[in-house]
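Data from target_22.pdb: PDB, C-alpha atoms
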ATOM      1  CA  MET Z1175       4.380 -23.565  13.408
ATOM      2  CA  GLY Z1176       0.764 -22.511  13.939
ATOM      3  CA  ASN Z1177       1.412 -19.204  12.176
ATOM      4  CA  ALA Z1178       2.950 -20.941   9.155
ATOM      5  CA  SER Z1179      -0.125 -23.122   8.649
ATOM      6  CA  THR Z1180      -2.374 -20.052   8.983
ATOM      7  CA  THR Z1181      -0.430 -18.254   6.238
ATOM      8  CA  SER Z1182      -0.660 -21.350   4.060
ATOM      9  CA  ASP Z1183      -4.419 -21.554   4.687
ATOM     10  CA  ASP Z1184      -4.800 -17.850   3.873
ATOM     11  CA  ILE Z1185      -2.950 -18.350   0.589
ATOM     12  CA  LEU Z1186      -5.128 -21.335  -0.325
ATOM     13  CA  ALA Z1187      -8.348 -19.512   0.592
ATOM     14  CA  CYS Z1188      -7.319 -16.508  -1.492
ATOM     15  CA  ALA Z1189      -6.357 -18.700  -4.457
ATOM     16  CA  ARG Z1190      -9.698 -20.469  -4.222
ATOM     17  CA  SER Z1191     -11.691 -17.228  -4.404
ATOM     18  CA  LEU Z1192      -9.509 -15.937  -7.246
ATOM     19  CA  ILE Z1193     -10.008 -19.151  -9.247
ATOM     20  CA  VAL Z1194     -13.785 -18.975  -8.733
ATOM     21  CA  ALA Z1195     -13.681 -15.363  -9.937
ATOM     22  CA  GLY Z1196     -11.380 -15.793 -12.932
ATOM     23  CA  GLY Z1197     -10.188 -19.346 -13.472
ATOM     24  CA  TYR Z1198      -6.713 -20.868 -13.336
ATOM     25  CA  ASN Z1199      -5.065 -18.240 -15.523
ATOM     26  CA  GLY Z1200      -7.010 -15.364 -13.978
ATOM     27  CA  PHE Z1201      -4.620 -14.736 -11.084
ATOM     28  CA  SER Z1202      -0.945 -14.548 -10.213
ATOM     29  CA  TYR Z1203       1.135 -14.721  -7.055
ATOM     30  CA  ALA Z1204       1.192 -10.911  -7.117
ATOM     31  CA  ASP Z1205      -2.620 -10.903  -6.775
ATOM     32  CA  ILE Z1206      -2.434 -13.252  -3.780
ATOM     33  CA  ALA Z1207       0.347 -11.195  -2.213
ATOM     34  CA  ASP Z1208      -1.823  -8.056  -2.457
ATOM     35  CA  VAL Z1209      -4.890  -9.693  -0.922
ATOM     36  CA  VAL Z1210      -3.143 -11.668   1.835
ATOM     37  CA  GLY Z1211      -0.675  -8.880   2.601
ATOM     38  CA  ILE Z1212       2.548 -10.870   2.187
ATOM     39  CA  ARG Z1213       5.466 -10.848  -0.231
ATOM     40  CA  LYS Z1214       5.506 -13.110  -3.296
ATOM     41  CA  ALA Z1215       8.594 -14.813  -1.858
ATOM     42  CA  SER Z1216       6.495 -15.928   1.115
ATOM     43  CA  ILE Z1217       4.004 -17.591  -1.211
ATOM     44  CA  HIS Z1218       6.844 -19.367  -3.035
ATOM     45  CA  HIS Z1219       8.098 -20.582   0.360
ATOM     46  CA  HIS Z1220       4.795 -22.409   0.930
ATOM     47  CA  PHE Z1221       4.038 -23.268  -2.703
ATOM     48  CA  PRO Z1222       7.098 -23.173  -4.985
ATOM     49  CA  SER Z1223       4.930 -22.902  -8.113
ATOM     50  CA  LYS Z1224       1.368 -22.104  -9.111
ATOM     51  CA  VAL Z1225       0.970 -25.767 -10.070
ATOM     52  CA  ASP Z1226       1.896 -26.790  -6.502
ATOM     53  CA  LEU Z1227      -0.548 -24.265  -5.089
ATOM     54  CA  VAL Z1228      -3.551 -25.247  -7.210
ATOM     55  CA  ARG Z1229      -2.820 -28.991  -6.982
ATOM     56  CA  THR Z1230      -2.746 -28.683  -3.173
ATOM     57  CA  LEU Z1231      -5.900 -26.562  -3.223
ATOM     58  CA  VAL Z1232      -7.844 -29.097  -5.317
ATOM     59  CA  ALA Z1233      -6.594 -32.051  -3.256
ATOM     60  CA  ARG Z1234      -7.711 -30.313  -0.069
ATOM     61  CA  TYR Z1235     -11.026 -29.377  -1.678
ATOM     62  CA  ARG Z1236     -11.624 -33.044  -2.538
ATOM     63  CA  GLU Z1237     -10.745 -34.104   1.027
ATOM     64  CA  GLU Z1238     -13.211 -31.537   2.413
ATOM     65  CA  ALA Z1239     -15.913 -32.727   0.005
ATOM     66  CA  GLU Z1240     -15.314 -36.372   0.959
ATOM     67  CA  ALA Z1241     -15.489 -35.457   4.652
ATOM     68  CA  GLY Z1242     -18.737 -33.578   3.982
ATOM     69  CA  MET Z1243     -20.252 -36.575   2.189
ATOM     70  CA  ALA Z1244     -19.149 -38.929   4.990
ATOM     71  CA  ASN Z1245     -20.704 -36.583   7.548
ATOM     72  CA  LEU Z1246     -23.926 -36.461   5.538
ATOM     73  CA  GLU Z1247     -24.001 -40.275   5.567
ATOM     74  CA  LEU Z1248     -23.719 -40.203   9.374
ATOM     75  CA  GLN Z1249     -26.328 -37.480   9.905
ATOM     76  CA  VAL Z1250     -28.936 -38.518   7.340
ATOM     77  CA  SER Z1251     -29.839 -42.143   6.627
ATOM     78  CA  ASP Z1252     -32.431 -41.634   3.888
ATOM     79  CA  PRO Z1253     -30.870 -41.587   0.370
ATOM     80  CA  LEU Z1254     -33.446 -39.141  -1.020
ATOM     81  CA  GLU Z1255     -32.795 -36.722   1.839
ATOM     82  CA  GLN Z1256     -29.044 -37.093   1.258
ATOM     83  CA  LEU Z1257     -29.401 -35.907  -2.332
ATOM     84  CA  GLN Z1258     -31.789 -33.131  -1.269
ATOM     85  CA  ASP Z1259     -29.295 -32.004   1.386
ATOM     86  CA  TYR Z1260     -26.402 -32.142  -1.087
ATOM     87  CA  ALA Z1261     -28.281 -29.958  -3.576
ATOM     88  CA  GLY Z1262     -29.509 -27.778  -0.694
ATOM     89  CA  TYR Z1263     -25.931 -27.191   0.437
ATOM     90  CA  TRP Z1264     -25.052 -25.739  -2.970
ATOM     91  CA  GLU Z1265     -28.294 -23.786  -3.115
ATOM     92  CA  VAL Z1266     -27.330 -21.989   0.121
ATOM     93  CA  CYS Z1267     -23.695 -21.490  -0.944
ATOM     94  CA  ILE Z1268     -24.801 -19.894  -4.208
ATOM     95  CA  ALA Z1269     -27.475 -17.746  -2.549
ATOM     96  CA  ASP Z1270     -25.133 -16.326   0.109
ATOM     97  CA  ALA Z1271     -22.130 -16.264  -2.285
ATOM     98  CA  SER Z1272     -19.986 -18.192   0.240
ATOM     99  CA  ALA Z1273     -19.097 -20.747  -2.461
ATOM    100  CA  PRO Z1274     -20.862 -19.692  -5.655
ATOM    101  CA  PHE Z1275     -19.263 -22.387  -7.806
ATOM    102  CA  CYS Z1276     -17.633 -25.796  -7.361
ATOM    103  CA  ILE Z1277     -13.957 -25.117  -7.958
ATOM    104  CA  CYS Z1278     -13.476 -28.507  -9.605
ATOM    105  CA  ALA Z1279     -16.373 -27.958 -11.998
ATOM    106  CA  LEU Z1280     -14.871 -24.605 -12.946
ATOM    107  CA  LEU Z1281     -11.394 -26.108 -13.423
ATOM    108  CA  ALA Z1282     -12.850 -29.033 -15.402
ATOM    109  CA  SER Z1283     -13.942 -26.520 -18.046
ATOM    110  CA  GLU Z1284     -10.257 -25.546 -18.341
ATOM    111  CA  LEU Z1285      -8.811 -29.087 -18.448
ATOM    112  CA  PRO Z1286      -7.316 -28.764 -21.949
ATOM    113  CA  VAL Z1287      -5.041 -25.947 -20.750
ATOM    114  CA  LEU Z1288      -4.422 -27.022 -17.132
ATOM    115  CA  PRO Z1289      -1.124 -28.536 -16.021
ATOM    116  CA  GLU Z1290      -1.440 -32.343 -15.857
ATOM    117  CA  GLU Z1291      -0.857 -32.451 -12.072
ATOM    118  CA  VAL Z1292      -3.861 -30.178 -11.519
ATOM    119  CA  GLY Z1293      -5.962 -32.082 -14.057
ATOM    120  CA  LEU Z1294      -5.323 -35.353 -12.210
ATOM    121  CA  GLU Z1295      -6.660 -33.857  -8.971
ATOM    122  CA  VAL Z1296      -9.731 -32.422 -10.714
ATOM    123  CA  ARG Z1297     -10.514 -35.813 -12.266
ATOM    124  CA  ALA Z1298     -10.029 -37.500  -8.886
ATOM    125  CA  HIS Z1299     -12.661 -35.187  -7.390
ATOM    126  CA  PHE Z1300     -15.161 -36.062 -10.132
ATOM    127  CA  ARG Z1301     -14.516 -39.796  -9.642
ATOM    128  CA  SER Z1302     -14.973 -39.456  -5.879
ATOM    129  CA  LEU Z1303     -18.225 -37.492  -6.177
ATOM    130  CA  SER Z1304     -19.543 -39.872  -8.848
ATOM    131  CA  ALA Z1305     -18.775 -42.914  -6.669
ATOM    132  CA  TRP Z1306     -20.631 -41.402  -3.704
ATOM    133  CA  LEU Z1307     -23.652 -40.395  -5.776
ATOM    134  CA  THR Z1308     -23.733 -43.854  -7.376
ATOM    135  CA  SER Z1309     -23.735 -45.525  -3.956
ATOM    136  CA  VAL Z1310     -26.552 -43.252  -2.724
ATOM    137  CA  LEU Z1311     -28.635 -43.970  -5.826
ATOM    138  CA  GLU Z1312     -27.978 -47.731  -5.632
ATOM    139  CA  ARG Z1313     -29.050 -47.805  -1.995
ATOM    140  CA  GLY Z1314     -32.065 -45.610  -2.662
ATOM    141  CA  ALA Z1315     -33.234 -47.781  -5.568
ATOM    142  CA  ARG Z1316     -32.859 -50.900  -3.424
ATOM    143  CA  LEU Z1317     -34.934 -49.291  -0.658
ATOM    144  CA  GLY Z1318     -37.611 -48.070  -3.067
ATOM    145  CA  ARG Z1319     -36.703 -44.423  -2.476
ATOM    146  CA  PHE Z1320     -35.709 -43.823  -6.110
ATOM    147  CA  GLN Z1321     -37.252 -44.642  -9.423
ATOM    148  CA  LEU Z1322     -34.260 -44.765 -11.761
ATOM    149  CA  MET Z1323     -34.531 -44.443 -15.529
ATOM    150  CA  GLY Z1324     -30.972 -45.698 -16.072
ATOM    151  CA  THR Z1325     -28.215 -47.424 -14.123
ATOM    152  CA  PRO Z1326     -27.244 -45.874 -10.772
ATOM    153  CA  ARG Z1327     -23.933 -44.821 -12.338
ATOM    154  CA  ALA Z1328     -25.642 -43.120 -15.295
ATOM    155  CA  GLU Z1329     -28.102 -41.405 -12.944
ATOM    156  CA  ALA Z1330     -25.184 -40.279 -10.744
ATOM    157  CA  GLU Z1331     -23.430 -38.705 -13.719
ATOM    158  CA  ALA Z1332     -26.673 -37.003 -14.779
ATOM    159  CA  PHE Z1333     -27.236 -35.718 -11.244
ATOM    160  CA  MET Z1334     -23.685 -34.351 -11.020
ATOM    161  CA  ALA Z1335     -23.958 -32.713 -14.449
ATOM    162  CA  THR Z1336     -27.304 -31.165 -13.511
ATOM    163  CA  VAL Z1337     -25.919 -29.687 -10.276
ATOM    164  CA  HIS Z1338     -22.872 -28.268 -12.064
ATOM    165  CA  GLY Z1339     -25.014 -27.000 -14.928
ATOM    166  CA  ALA Z1340     -27.360 -25.340 -12.444
ATOM    167  CA  MET Z1341     -24.378 -23.509 -10.948
ATOM    168  CA  LEU Z1342     -23.445 -22.297 -14.414
ATOM    169  CA  SER Z1343     -27.000 -21.165 -15.162
ATOM    170  CA  ALA Z1344     -27.241 -19.310 -11.832
ATOM    171  CA  ARG Z1345     -23.998 -17.525 -12.689
ATOM    172  CA  ALA Z1346     -25.009 -16.806 -16.294
ATOM    173  CA  TYR Z1347     -28.343 -15.285 -15.257
ATOM    174  CA  GLY Z1348     -26.941 -13.586 -12.167
ATOM    175  CA  ASP Z1349     -29.787 -15.194 -10.233
ATOM    176  CA  PRO Z1350     -29.098 -17.681  -7.398
ATOM    177  CA  LYS Z1351     -32.715 -18.907  -7.538
ATOM    178  CA  ILE Z1352     -32.059 -20.494 -10.940
ATOM    179  CA  PHE Z1353     -30.059 -23.244  -9.185
ATOM    180  CA  ALA Z1354     -33.189 -24.673  -7.530
ATOM    181  CA  VAL Z1355     -35.259 -24.127 -10.673
ATOM    182  CA  VAL Z1356     -32.881 -26.533 -12.458
ATOM    183  CA  THR Z1357     -32.197 -29.073  -9.685
ATOM    184  CA  ARG Z1358     -35.604 -29.547  -8.050
ATOM    185  CA  PRO Z1359     -37.291 -31.206 -11.049
ATOM    186  CA  LEU Z1360     -34.501 -33.814 -11.120
ATOM    187  CA  LEU Z1361     -34.998 -34.610  -7.434
ATOM    188  CA  GLU Z1362     -38.748 -34.851  -8.023
ATOM    189  CA  ARG Z1363     -38.221 -37.187 -10.985
ATOM    190  CA  LEU Z1364     -36.024 -39.521  -8.940
ATOM    191  CA  ALA Z1365     -38.619 -39.925  -6.179
ATOM    192  CA  PRO Z1366     -41.462 -42.373  -6.915
ATOM    193  CA  ARG Z1367     -44.892 -40.705  -7.091
ATOM    194  CA  SER Z1368     -46.006 -42.300  -3.823
ATOM    195  CA  LEU Z1369     -43.143 -40.528  -2.010
ATOM    196  CA  GLN Z1370     -43.853 -37.193  -3.725
ATOM    197  CA  ILE Z1371     -47.435 -37.277  -2.419
ATOM    198  CA  GLN Z1372     -46.213 -37.899   1.156
ATOM    199  CA  SER Z1373     -43.607 -35.120   1.155
TER     200      SER Z1373
END
Give the structure from this file in structure tokens form.
Amino acid sequence: MGNASTTSDDILACARSLIVAGGYNGFSYADIADVVGIRKASIHHHFPSKVDLVRTLVARYREEAEAGMANLELQVSDPLEQLQDYAGYWEVCIADASAPFCICALLASELPVLPEEVGLEVRAHFRSLSAWLTSVLERGARLGRFQLMGTPRAEAEAFMATVHGAMLSARAYGDPKIFAVVTRPLLERLAPRSLQIQS
């Protein structure tokens, strides 16, 4: 059984990198078969259709993201540091090309043409990330760590859009440093001036 799960993981990892490179319609099972070194029939055994494959991939991606956010909550208590660490995570992933783009942000740009089952998972990821960011901003505002210009929910949506937009800009310019150029001013704006002087 261990081998079967490894093959499944290999297929998912390959699909993830192919989606980041070319989007939902930018790959086929033949592409995965070539990269992973298995027959197309083996892929169909694990994932009967491309919809099954990408739906599973996005659901797992969301679970990993939720686990990462929960871990961040355990490791870092300060809301401002949590947002800095979240942005810092993506800054590193983009710089070392280990995860140069959020797969859900990329798929969200394709929502009009995605199968509904995949679209539901993509939307669920956005709702999950938005809820976490909202809770961090609410807590930070209560503790005096943030100076919000709008509601925590509106600020959360703006933060998420800025992070995803920064990924897009880094890709468009072919320059990983652009990510921080876009995201750091937002983090600085959220922190009250008294905190900026201390840090």
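Remark: for Pro1253 (chain Z), the closest of the candidate residues Z:Thr1180, Z:Thr1308, Z:Ser1343, Z:Ser1191 is Z:Thr1308 (distances computed over only C-alpha atoms).
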Might you pull out every residue within 9 Å of region 1223-1235 of chain Z, with all atoms listed in the file counted and same-chain residues fewer than 6 positions away left off, and present them as a PyMOL selection string?
chain Z and resi 1185-1187+1189-1190+1198+1202-1203+1217+1277-1278+1288-1289+1291-1296+1298-1299
Please write the residues picked by the PyMOL selection byres ((chain Z and resi 1244) around 12) on this file as an MDAnalysis selection string.
chainID Z and resid 1237:1243 1245:1251 1256 1260 1302:1303 1306:1307 1310
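Taking CA of Arg1301 (chain Z) as the reference point, CA of Met1341 (chain Z) is found at 19.1 Å.
Minimum distance to Pro1326 (chain Z) across Z:Ile1268, Z:Ala1346, Z:Leu1281, Z:Leu1364 (counting all atoms listed in the file) occurs at Z:Leu1364.
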What is the CA of Ile1193 (chain Z) to CA of Ala1344 (chain Z) distance in Å?
17.4 Å
Box in all listed atoms of region 1253-1269 of chain Z, axis-aligned, with 5 Å more on each side; write out centre and edge lengths in Å to one decimal as JSON.
{"center_x": -28.6, "center_y": -29.7, "center_z": -1.2, "size_x": 19.8, "size_y": 33.8, "size_z": 16.0}
Atom pair CA of Ser1304 (chain Z) + CA of Leu1192 (chain Z), distance 26.0 Å
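Shortest atom-to-atom contact with Gln1321 (chain Z) among Z:Cys1188, Z:Val1210, Z:Asn1199, Z:Glu1362: Z:Glu1362, counting only C-alpha atoms.
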